[in-house]
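Undergrad: Structure: final_36.cif, mmCIF, C-alpha atoms.
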data_input
loop_
_atom_site.group_PDB
_atom_site.id
_atom_site.type_symbol
_atom_site.label_atom_id
_atom_site.label_comp_id
_atom_site.auth_asym_id
_atom_site.auth_seq_id
_atom_site.Cartn_x
_atom_site.Cartn_y
_atom_site.Cartn_z
ATOM 1 C CA MET A 1 162.732 222.719 105.159
ATOM 2 C CA ARG A 2 164.530 219.648 103.828
ATOM 3 C CA CYS A 3 164.333 217.996 107.259
ATOM 4 C CA ALA A 4 160.604 218.697 107.419
ATOM 5 C CA ARG A 5 160.079 217.032 104.029
ATOM 6 C CA ILE A 6 162.042 213.988 105.105
ATOM 7 C CA ALA A 7 160.048 213.751 108.334
ATOM 8 C CA LEU A 8 156.746 213.973 106.411
ATOM 9 C CA PHE A 9 157.924 211.308 103.948
ATOM 10 C CA LEU A 10 158.866 208.961 106.786
ATOM 11 C CA PHE A 11 155.523 209.601 108.541
ATOM 12 C CA LEU A 12 153.493 208.816 105.403
ATOM 13 C CA SER A 13 155.580 205.724 104.707
ATOM 14 C CA CYS A 14 154.826 204.424 108.192
ATOM 15 C CA LEU A 15 151.104 204.961 107.659
ATOM 16 C CA ILE A 16 151.171 203.071 104.361
ATOM 17 C CA LEU A 17 153.136 200.198 105.875
ATOM 18 C CA GLU A 18 150.773 200.067 108.839
ATOM 19 C CA GLY A 19 147.771 199.964 106.517
ATOM 20 C CA LEU A 20 149.266 197.134 104.509
ATOM 21 C CA THR A 21 150.002 195.204 107.689
ATOM 22 C CA LEU A 22 146.437 195.706 108.963
ATOM 23 C CA GLY A 23 145.091 194.584 105.602
ATOM 24 C CA GLN A 24 147.108 191.387 105.859
ATOM 25 C CA ASP A 25 145.721 190.714 109.319
ATOM 26 C CA GLN A 26 142.056 191.062 108.215
ATOM 27 C CA PRO A 27 140.358 187.823 107.143
ATOM 28 C CA ALA A 28 138.972 187.651 103.636
ATOM 29 C CA VAL A 29 135.237 188.293 103.274
ATOM 30 C CA ASN A 30 133.319 185.074 102.680
ATOM 31 C CA SER A 31 130.246 185.844 100.575
ATOM 32 C CA SER A 32 128.754 182.440 101.392
ATOM 33 C CA VAL A 33 128.336 183.273 105.063
ATOM 34 C CA ALA A 34 124.779 184.291 105.993
ATOM 35 C CA PRO A 35 124.267 187.815 107.327
ATOM 36 C CA PRO A 36 123.812 188.179 111.068
ATOM 37 C CA PRO A 37 120.301 187.485 112.417
ATOM 38 C CA HIS A 38 119.549 191.174 112.954
ATOM 39 C CA ALA A 39 120.266 192.059 109.324
ATOM 40 C CA LYS A 40 117.311 193.057 107.133
ATOM 41 C CA GLN A 41 115.923 189.994 105.404
ATOM 42 C CA VAL A 42 115.887 189.999 101.618
ATOM 43 C CA HIS A 43 112.435 188.894 100.474
ATOM 44 C CA LEU A 44 111.500 187.560 97.083
ATOM 45 C CA LYS A 45 108.278 189.560 96.694
ATOM 46 C CA HIS A 46 106.466 192.582 98.079
ATOM 47 C CA ILE A 47 102.742 192.726 98.830
ATOM 48 C CA LEU A 48 100.458 195.574 99.842
ATOM 49 C CA VAL A 49 97.810 194.613 102.401
ATOM 50 C CA ILE A 50 94.802 196.938 102.657
ATOM 51 C CA GLY A 51 92.380 196.859 105.599
ATOM 52 C CA GLN A 52 90.351 200.028 105.050
ATOM 53 C CA THR A 53 86.710 199.851 106.177
ATOM 54 C CA LYS A 54 84.099 202.366 105.050
ATOM 55 C CA GLY A 55 81.140 200.221 106.082
ATOM 56 C CA PHE A 56 80.783 197.362 108.568
ATOM 57 C CA GLU A 57 84.013 196.860 110.519
ATOM 58 C CA HIS A 58 85.106 193.269 111.086
ATOM 59 C CA ASP A 59 86.990 192.494 114.285
ATOM 60 C CA SER A 60 89.200 190.096 112.346
ATOM 61 C CA VAL A 61 90.828 192.705 110.086
ATOM 62 C CA SER A 62 93.825 193.138 112.390
ATOM 63 C CA ASP A 63 94.187 189.369 112.851
ATOM 64 C CA GLY A 64 94.132 188.797 109.109
ATOM 65 C CA MET A 65 96.642 191.526 108.339
ATOM 66 C CA ALA A 66 98.969 190.328 111.098
ATOM 67 C CA ALA A 67 98.734 186.730 109.886
ATOM 68 C CA ILE A 68 99.636 187.694 106.318
ATOM 69 C CA TYR A 69 102.592 189.745 107.541
ATOM 70 C CA THR A 70 103.803 186.853 109.720
ATOM 71 C CA MET A 71 103.469 184.311 106.901
ATOM 72 C CA GLY A 72 105.762 186.354 104.690
ATOM 73 C CA HIS A 73 108.218 187.166 107.474
ATOM 74 C CA ASP A 74 108.553 183.585 108.699
ATOM 75 C CA SER A 75 108.806 182.041 105.233
ATOM 76 C CA GLY A 76 110.998 184.779 103.769
ATOM 77 C CA LEU A 77 108.852 184.715 100.632
ATOM 78 C CA TRP A 78 107.499 188.244 100.867
ATOM 79 C CA ASP A 79 107.429 191.364 102.938
ATOM 80 C CA ALA A 80 104.033 192.909 103.620
ATOM 81 C CA THR A 81 103.230 196.586 103.860
ATOM 82 C CA LEU A 82 100.122 196.962 106.037
ATOM 83 C CA ARG A 83 97.853 199.957 105.477
ATOM 84 C CA THR A 84 94.363 200.968 106.577
ATOM 85 C CA ASP A 85 94.308 203.701 103.916
ATOM 86 C CA THR A 86 94.538 203.491 100.140
ATOM 87 C CA GLU A 87 97.237 206.088 99.452
ATOM 88 C CA LEU A 88 99.705 203.580 97.990
ATOM 89 C CA ILE A 89 97.195 202.245 95.455
ATOM 90 C CA THR A 90 98.620 204.432 92.715
ATOM 91 C CA LYS A 91 101.353 204.469 90.115
ATOM 92 C CA LYS A 92 102.081 208.105 90.830
ATOM 93 C CA ASP A 93 105.488 208.912 92.306
ATOM 94 C CA LEU A 94 104.664 209.846 95.890
ATOM 95 C CA GLY A 95 108.216 210.807 96.861
ATOM 96 C CA ARG A 96 109.278 210.931 100.541
ATOM 97 C CA ASN A 97 110.327 207.251 100.405
ATOM 98 C CA ALA A 98 106.711 206.137 99.881
ATOM 99 C CA LYS A 99 106.074 203.038 97.778
ATOM 100 C CA ASN A 100 103.517 202.816 94.977
ATOM 101 C CA LEU A 101 102.045 199.956 92.951
ATOM 102 C CA ASP A 102 105.168 199.689 90.806
ATOM 103 C CA TYR A 103 107.006 198.410 93.893
ATOM 104 C CA PHE A 104 104.483 195.685 94.783
ATOM 105 C CA ASP A 105 103.825 192.261 93.291
ATOM 106 C CA ALA A 106 100.390 191.611 94.780
ATOM 107 C CA LEU A 107 97.537 193.393 96.490
ATOM 108 C CA VAL A 108 95.527 191.839 99.351
ATOM 109 C CA PHE A 109 92.207 193.251 100.558
ATOM 110 C CA VAL A 110 91.431 192.022 104.091
ATOM 111 C CA SER A 111 87.704 192.474 104.757
ATOM 112 C CA THR A 112 87.595 195.910 103.223
ATOM 113 C CA THR A 113 84.046 197.290 103.194
ATOM 114 C CA GLY A 114 82.108 200.108 101.585
ATOM 115 C CA GLU A 115 83.285 202.520 98.920
ATOM 116 C CA LEU A 116 87.038 202.782 99.436
ATOM 117 C CA ASP A 117 88.886 206.087 99.167
ATOM 118 C CA LEU A 118 89.996 205.703 95.571
ATOM 119 C CA ASP A 119 89.793 208.372 92.895
ATOM 120 C CA ASP A 120 89.393 207.536 89.213
ATOM 121 C CA THR A 121 93.141 207.586 88.576
ATOM 122 C CA GLN A 122 93.796 205.193 91.460
ATOM 123 C CA LYS A 123 91.100 202.830 90.192
ATOM 124 C CA LYS A 124 92.648 202.870 86.733
ATOM 125 C CA ASP A 125 96.116 202.230 88.191
ATOM 126 C CA MET A 126 94.886 199.336 90.331
ATOM 127 C CA MET A 127 93.203 197.594 87.415
ATOM 128 C CA SER A 128 96.253 198.157 85.219
ATOM 129 C CA PHE A 129 98.401 196.684 88.018
ATOM 130 C CA ILE A 130 96.429 193.431 87.775
ATOM 131 C CA LYS A 131 95.183 193.305 84.207
ATOM 132 C CA ASP A 132 98.149 194.745 82.309
ATOM 133 C CA ASP A 133 101.127 194.220 84.615
ATOM 134 C CA GLY A 134 100.107 190.670 85.538
ATOM 135 C CA LYS A 135 100.278 191.272 89.284
ATOM 136 C CA GLY A 136 98.195 189.360 91.851
ATOM 137 C CA PHE A 137 95.076 190.093 93.908
ATOM 138 C CA VAL A 138 93.739 188.228 96.953
ATOM 139 C CA GLY A 139 90.359 189.097 98.443
ATOM 140 C CA VAL A 140 89.596 188.034 102.015
ATOM 141 C CA HIS A 141 85.998 187.679 103.219
ATOM 142 C CA ALA A 142 84.426 191.177 103.036
ATOM 143 C CA ALA A 143 86.557 192.128 100.045
ATOM 144 C CA LEU A 144 83.351 191.074 98.262
ATOM 145 C CA ASP A 145 81.418 193.704 100.259
ATOM 146 C CA THR A 146 83.136 196.738 98.800
ATOM 147 C CA ASN A 147 83.308 199.056 95.791
ATOM 148 C CA TYR A 148 79.731 198.461 94.625
ATOM 149 C CA LYS A 149 79.859 201.660 92.558
ATOM 150 C CA TRP A 150 82.913 200.434 90.641
ATOM 151 C CA PRO A 151 81.744 197.890 88.024
ATOM 152 C CA GLU A 152 85.259 196.821 87.014
ATOM 153 C CA TYR A 153 86.052 195.834 90.601
ATOM 154 C CA GLY A 154 83.135 193.395 90.613
ATOM 155 C CA GLU A 155 84.264 192.030 87.256
ATOM 156 C CA MET A 156 87.820 191.591 88.550
ATOM 157 C CA ILE A 157 86.981 189.849 91.836
ATOM 158 C CA GLY A 158 84.016 187.915 90.464
ATOM 159 C CA GLY A 159 80.913 189.478 92.056
ATOM 160 C CA TRP A 160 79.586 191.155 95.184
ATOM 161 C CA PHE A 161 78.209 190.285 98.608
ATOM 162 C CA ASP A 162 74.480 189.500 98.802
ATOM 163 C CA GLN A 163 73.823 188.520 102.418
ATOM 164 C CA HIS A 164 75.050 185.567 104.486
ATOM 165 C CA PRO A 165 71.968 183.314 104.770
ATOM 166 C CA TRP A 166 73.182 181.331 107.786
ATOM 167 C CA SER A 167 75.387 183.971 109.440
ATOM 168 C CA THR A 168 78.254 182.261 111.302
ATOM 169 C CA PHE A 169 77.632 178.514 111.455
ATOM 170 C CA ASN A 170 79.210 175.102 111.016
ATOM 171 C CA ALA A 171 79.451 175.310 107.254
ATOM 172 C CA PRO A 172 79.433 171.993 105.327
ATOM 173 C CA ILE A 173 82.062 172.528 102.636
ATOM 174 C CA VAL A 174 82.969 170.525 99.527
ATOM 175 C CA ASN A 175 86.446 170.660 97.996
ATOM 176 C CA GLU A 176 85.801 170.937 94.255
ATOM 177 C CA ASP A 177 89.423 171.164 93.090
ATOM 178 C CA PRO A 178 91.753 169.200 95.409
ATOM 179 C CA SER A 179 94.656 169.712 92.989
ATOM 180 C CA PHE A 180 94.736 173.486 93.513
ATOM 181 C CA PRO A 181 97.570 174.576 95.864
ATOM 182 C CA ALA A 182 95.407 176.696 98.173
ATOM 183 C CA VAL A 183 92.902 173.919 98.934
ATOM 184 C CA ARG A 184 95.020 170.813 98.427
ATOM 185 C CA HIS A 185 95.304 170.283 102.195
ATOM 186 C CA PHE A 186 91.531 170.145 102.695
ATOM 187 C CA PRO A 187 89.655 166.828 102.536
ATOM 188 C CA ARG A 188 86.887 166.292 99.965
ATOM 189 C CA ALA A 189 84.252 167.252 102.532
ATOM 190 C CA PHE A 190 84.741 169.098 105.815
ATOM 191 C CA VAL A 191 83.156 171.595 108.213
ATOM 192 C CA LYS A 192 84.379 175.064 109.200
ATOM 193 C CA TYR A 193 82.755 177.466 111.638
ATOM 194 C CA ASP A 194 82.611 180.694 109.670
ATOM 195 C CA GLU A 195 80.355 183.185 107.901
ATOM 196 C CA ILE A 196 79.710 182.245 104.289
ATOM 197 C CA TYR A 197 78.766 184.975 101.850
ATOM 198 C CA GLN A 198 76.166 184.550 99.142
ATOM 199 C CA PRO A 199 77.528 186.172 95.964
ATOM 200 C CA LYS A 200 75.475 188.119 93.446
ATOM 201 C CA GLU A 201 76.351 189.040 89.864
ATOM 202 C CA TRP A 202 78.476 185.926 90.093
ATOM 203 C CA SER A 203 78.594 182.892 87.864
ATOM 204 C CA ARG A 204 80.684 179.763 88.176
ATOM 205 C CA ASP A 205 81.341 179.751 84.445
ATOM 206 C CA LYS A 206 83.522 182.853 84.976
ATOM 207 C CA VAL A 207 85.624 181.434 87.816
ATOM 208 C CA ASN A 208 87.187 178.186 88.978
ATOM 209 C CA VAL A 209 85.226 177.205 92.087
ATOM 210 C CA LEU A 210 87.581 175.665 94.628
ATOM 211 C CA LEU A 211 85.316 175.297 97.672
ATOM 212 C CA SER A 212 81.529 175.453 97.945
ATOM 213 C CA LEU A 213 78.764 174.713 100.416
ATOM 214 C CA ASP A 214 77.217 171.257 100.190
ATOM 215 C CA PRO A 215 73.655 172.180 99.109
ATOM 216 C CA THR A 216 72.249 168.898 100.403
ATOM 217 C CA LYS A 217 73.211 169.802 103.968
ATOM 218 C CA LEU A 218 71.753 173.309 104.179
ATOM 219 C CA ASN A 219 68.515 174.492 105.739
ATOM 220 C CA TYR A 220 66.539 176.700 103.351
ATOM 221 C CA ALA A 221 63.229 176.734 105.247
ATOM 222 C CA ASN A 222 61.851 180.198 106.022
ATOM 223 C CA ASN A 223 65.187 181.860 105.247
ATOM 224 C CA PRO A 224 64.530 185.175 103.471
ATOM 225 C CA ARG A 225 68.271 185.718 102.986
ATOM 226 C CA VAL A 226 68.533 182.889 100.469
ATOM 227 C CA HIS A 227 68.427 184.694 97.130
ATOM 228 C CA ARG A 228 70.115 182.224 94.819
ATOM 229 C CA ALA A 229 67.542 179.945 93.241
ATOM 230 C CA ASP A 230 70.319 177.595 92.128
ATOM 231 C CA HIS A 231 71.544 177.228 95.738
ATOM 232 C CA ASP A 232 75.112 177.541 94.482
ATOM 233 C CA PHE A 233 77.221 179.091 97.254
ATOM 234 C CA ALA A 234 80.926 179.286 96.461
ATOM 235 C CA VAL A 235 83.302 179.489 99.428
ATOM 236 C CA ALA A 236 86.515 180.074 97.447
ATOM 237 C CA TRP A 237 87.442 180.567 93.816
ATOM 238 C CA ASP A 238 90.275 181.636 91.558
ATOM 239 C CA LYS A 239 90.336 183.303 88.167
ATOM 240 C CA THR A 240 92.434 185.404 85.869
ATOM 241 C CA TYR A 241 91.881 189.045 85.077
ATOM 242 C CA GLY A 242 93.830 190.000 82.007
ATOM 243 C CA LYS A 243 97.397 188.922 82.759
ATOM 244 C CA GLY A 244 96.835 188.847 86.527
ATOM 245 C CA ARG A 245 95.778 186.126 88.952
ATOM 246 C CA VAL A 246 92.869 186.591 91.365
ATOM 247 C CA PHE A 247 91.866 184.541 94.425
ATOM 248 C CA TYR A 248 88.898 185.085 96.730
ATOM 249 C CA SER A 249 87.476 183.267 99.751
ATOM 250 C CA THR A 250 84.691 184.118 102.170
ATOM 251 C CA LEU A 251 86.552 182.304 104.963
ATOM 252 C CA GLY A 252 88.219 184.514 107.554
ATOM 253 C CA HIS A 253 85.240 186.336 109.109
ATOM 254 C CA THR A 254 86.090 185.447 112.701
ATOM 255 C CA GLU A 255 89.196 186.270 114.702
ATOM 256 C CA GLU A 256 89.467 182.552 115.547
ATOM 257 C CA ALA A 257 89.676 181.671 111.857
ATOM 258 C CA TRP A 258 93.141 183.227 111.696
ATOM 259 C CA ASN A 259 94.346 180.823 114.366
ATOM 260 C CA ASP A 260 93.122 177.898 112.281
ATOM 261 C CA PRO A 261 96.146 176.368 110.499
ATOM 262 C CA ASP A 262 93.906 175.268 107.617
ATOM 263 C CA ILE A 263 92.714 178.800 106.921
ATOM 264 C CA ARG A 264 96.182 180.275 107.311
ATOM 265 C CA LYS A 265 97.616 177.684 104.931
ATOM 266 C CA MET A 266 94.874 178.392 102.391
ATOM 267 C CA TYR A 267 95.717 182.099 102.274
ATOM 268 C CA PHE A 268 99.467 181.413 102.395
ATOM 269 C CA GLU A 269 99.201 179.191 99.328
ATOM 270 C CA ALA A 270 96.756 181.600 97.655
ATOM 271 C CA ILE A 271 99.250 184.450 97.949
ATOM 272 C CA LYS A 272 102.014 182.237 96.592
ATOM 273 C CA TRP A 273 99.748 181.339 93.665
ATOM 274 C CA VAL A 274 98.839 184.926 92.730
ATOM 275 C CA LEU A 275 102.555 185.749 92.949
ATOM 276 C CA GLY A 276 103.230 183.083 90.326
ATOM 277 C CA MET A 277 105.218 180.841 92.672
ATOM 278 C CA THR A 278 102.937 177.848 92.069
ATOM 279 C CA ASP A 279 100.590 176.650 89.351
ATOM 280 C CA GLY A 280 96.885 175.867 89.525
ATOM 281 C CA SER A 281 93.962 175.693 87.143
ATOM 282 C CA THR A 282 91.723 178.679 86.432
ATOM 283 C CA ALA A 283 89.360 176.742 84.162
ATOM 284 C CA SER A 284 85.702 176.832 85.143
ATOM 285 C CA HIS A 285 83.769 173.633 85.689
ATOM 286 C CA PRO A 286 80.146 172.632 86.384
ATOM 287 C CA ARG A 287 78.896 171.746 89.848
ATOM 288 C CA LEU A 288 79.816 168.297 91.047
ATOM 289 C CA GLU A 289 76.932 165.928 90.358
ATOM 290 C CA ALA A 290 77.301 164.189 93.733
ATOM 291 C CA HIS A 291 76.512 167.463 95.505
ATOM 292 C CA ARG A 292 74.050 169.039 93.079
ATOM 293 C CA ASP A 293 71.057 170.498 94.889
ATOM 294 C CA GLU A 294 67.844 168.544 94.370
ATOM 295 C CA HIS A 295 65.615 170.748 96.580
#
Would you encode the structure as structure tokens?
TA:
Amino acid sequence: MRCARIALFLFLSCLILEGLTLGQDQPAVNSSVAPPPHAKQVHLKHILVIGQTKGFEHDSVSDGMAAIYTMGHDSGLWDATLRTDTELITKKDLGRNAKNLDYFDALVFVSTTGELDLDDTQKKDMMSFIKDDGKGFVGVHAALDTNYKWPEYGEMIGGWFDQHPWSTFNAPIVNEDPSFPAVRHFPRAFVKYDEIYQPKEWSRDKVNVLLSLDPTKLNYANNPRVHRADHDFAVAWDKTYGKGRVFYSTLGHTEEAWNDPDIRKMYFEAIKWVLGMTDGSTASHPRLEAHRDEH
């Protein structure tokens, strides 16, 4: 028995000595070394991108969602969760490793249409996410053509869709706030081939108009779709809603728009702005006198 104990002691001693020797041979961990390329990237923010359509279905929804995902991936500024349903628009604990609004920092609607699948609790949670929690919201193109039966949604985003008088055309656009991050790269006047929405229940004194159509370069003759007597057609705006930041633009109707570096940069900077990464005015201003409609 004594020999067995001595043998066990010697065996354990060898293991300990071997472990110490191996530990000495291992290089110290350097925390300053970047993780290998295949390691999961640590993003600063998380955004939820919704592309549900309950009405007209835009071909560009997939392009827009993919572009927003790629922007975050390539910059490392955010990771994007892409969904064509609205299940995650809730503060309820969904379990099963599912995220809810408490996990996200911003919500992006990419040409959503119709009355989305949201119950009253989800609607309350979404508005609280923006208004009370100070999170961000970005609306792309048809995000204005949705949730007509939800008054607070229209108040939050700034209005609703009311036709596109010229369909897809070479739109003459004026940059009304060149200091704002999302439109800083645009010249004072430029042209983009896109579909420009006419907003209703919308007023520029409730938003900061960033881009608008040049009213002096539009054809109004025999156009029954022109409903705004003031001929004020905003192309992009920003605003606050409670503590949250809101950005909307009608640009992004076509698939080709998402290959346009100007459009991609606009939405990239808009997302950064609603996330609080940059600053920009939300103060409303009157129409620029040089482009005021005299028709």
Undergrad: So which residues get picked by the PyMOL selection byres ((chain A and resi 50) around 7) here, written as JSON, numbers by chain?
TA: {"A": [48, 49, 51, 52, 82, 83, 84, 85, 108, 109, 110]}
Undergrad: Return the single residue from A:Ala67, A:Leu211, A:Leu275, A:Met126 that is closest to Thr250 (chain A), with distances computed using all atoms listed in the file.
TA: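 Of the candidates, the smallest distance to Thr250 (chain A) is held by A:Leu211.
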Undergrad: Can you tell me how far CA of Lys124 (chain A) sits from CA of Glu201 (chain A), in Å to one decimal?
TA: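 About the pair CA of Lys124 (chain A) and CA of Glu201 (chain A): they are 21.6 Å apart.
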Undergrad: So what do you get for CA of Asn259 (chain A) versus CA of Val235 (chain A), distance-wise?
TA: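 Computed distance, CA of Asn259 (chain A) to CA of Val235 (chain A), equals 18.6 Å.
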Undergrad: With distances taken over all atoms listed in the file, which of A:Gln198, A:Val61, A:Ile130, A:Ile271 is nearest to His46 (chain A)?
TA: A:Ile271
Undergrad: For Asp117 (chain A), which residue out of A:Tyr248, A:Phe137, A:Tyr69, A:Trp150 is the nearest one, using all atoms listed in the file?
TA: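 Smallest separation from Asp117 (chain A) among the options: A:Trp150.
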Undergrad: Just how far from CA of Gly72 (chain A) is CA of Leu210 (chain A), in Å to one decimal?
TA: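 Between CA of Leu210 (chain A) and CA of Gly72 (chain A) the gap is 23.4 Å.
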Undergrad: Which residues are close to Glu115 (chain A), i.e. within 8 Å by all atoms listed in the file, leaving aside same-chain residues fewer than 2 positions away? Reply as number ranges by chain.
TA: A: 54-55, 113, 117, 146-149
Undergrad: Ranking A:Tyr220, A:Tyr193, A:Trp202, A:Trp273 by minimum distance to Ala257 (chain A) and counting only C-alpha atoms, which one comes first?
TA: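 Going through A:Tyr220, A:Tyr193, A:Trp202, A:Trp273 one by one, the smallest distance to Ala257 (chain A) is for A:Tyr193.
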Undergrad: Evaluate the PyMOL selection byres ((chain A and resi 167-173) around 9) against this structure - the residues, as an mmCIF file with C-alpha atoms, in the coordinates of the input, please.
TA:
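Output contents, as saved in part_14.cif:
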data_model
loop_
_atom_site.group_PDB
_atom_site.id
_atom_site.type_symbol
_atom_site.label_atom_id
_atom_site.label_comp_id
_atom_site.auth_asym_id
_atom_site.auth_seq_id
_atom_site.Cartn_x
_atom_site.Cartn_y
_atom_site.Cartn_z
ATOM 1 C CA GLN A 163 73.823 188.520 102.418
ATOM 2 C CA HIS A 164 75.050 185.567 104.486
ATOM 3 C CA PRO A 165 71.968 183.314 104.770
ATOM 4 C CA TRP A 166 73.182 181.331 107.786
ATOM 5 C CA VAL A 174 82.969 170.525 99.527
ATOM 6 C CA ASN A 175 86.446 170.660 97.996
ATOM 7 C CA ARG A 188 86.887 166.292 99.965
ATOM 8 C CA ALA A 189 84.252 167.252 102.532
ATOM 9 C CA PHE A 190 84.741 169.098 105.815
ATOM 10 C CA VAL A 191 83.156 171.595 108.213
ATOM 11 C CA LYS A 192 84.379 175.064 109.200
ATOM 12 C CA TYR A 193 82.755 177.466 111.638
ATOM 13 C CA ASP A 194 82.611 180.694 109.670
ATOM 14 C CA GLU A 195 80.355 183.185 107.901
ATOM 15 C CA ILE A 196 79.710 182.245 104.289
ATOM 16 C CA TYR A 197 78.766 184.975 101.850
ATOM 17 C CA LEU A 211 85.316 175.297 97.672
ATOM 18 C CA SER A 212 81.529 175.453 97.945
ATOM 19 C CA LEU A 213 78.764 174.713 100.416
ATOM 20 C CA ASP A 214 77.217 171.257 100.190
ATOM 21 C CA PRO A 215 73.655 172.180 99.109
ATOM 22 C CA LYS A 217 73.211 169.802 103.968
ATOM 23 C CA LEU A 218 71.753 173.309 104.179
ATOM 24 C CA VAL A 235 83.302 179.489 99.428
ATOM 25 C CA HIS A 253 85.240 186.336 109.109
ATOM 26 C CA THR A 254 86.090 185.447 112.701
#
Undergrad: Output the residue selection produced by the PyMOL selection byres ((chain A and resi 100) around 6) on the file above, formatted as number ranges by chain.
TA: A: 88, 90-91, 99, 101-103
Undergrad: Would you pick out the contacts of Gly276 (chain A) at 10 Å or less, using all atoms listed in the file, so that residues sharing its chain but fewer than 3 positions from it are not included, and give the list as a list of chain:residue names?
TA: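 Once the adjacent positions are removed, what remains is A:Asp105, A:Gly134, A:Lys135, A:Gly136, A:Gly244, A:Arg245, A:Ala270, A:Ile271, A:Lys272, A:Trp273, A:Asp279, A:Gly280.
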Undergrad: With all atoms listed in the file as the atoms that count, which of A:Pro187, A:Gly159, A:Pro199, A:Gly95 lies nearest to His231 (chain A)?
TA: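 So, comparing all the options, the nearest one is A:Pro199.
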Undergrad: Using only C-alpha atoms for the distances, tell me which of A:Ser75, A:Asn208, A:Asn97, A:Ser284 is nearest to Val246 (chain A).
TA: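 So, comparing all the options, the nearest one is A:Asn208.
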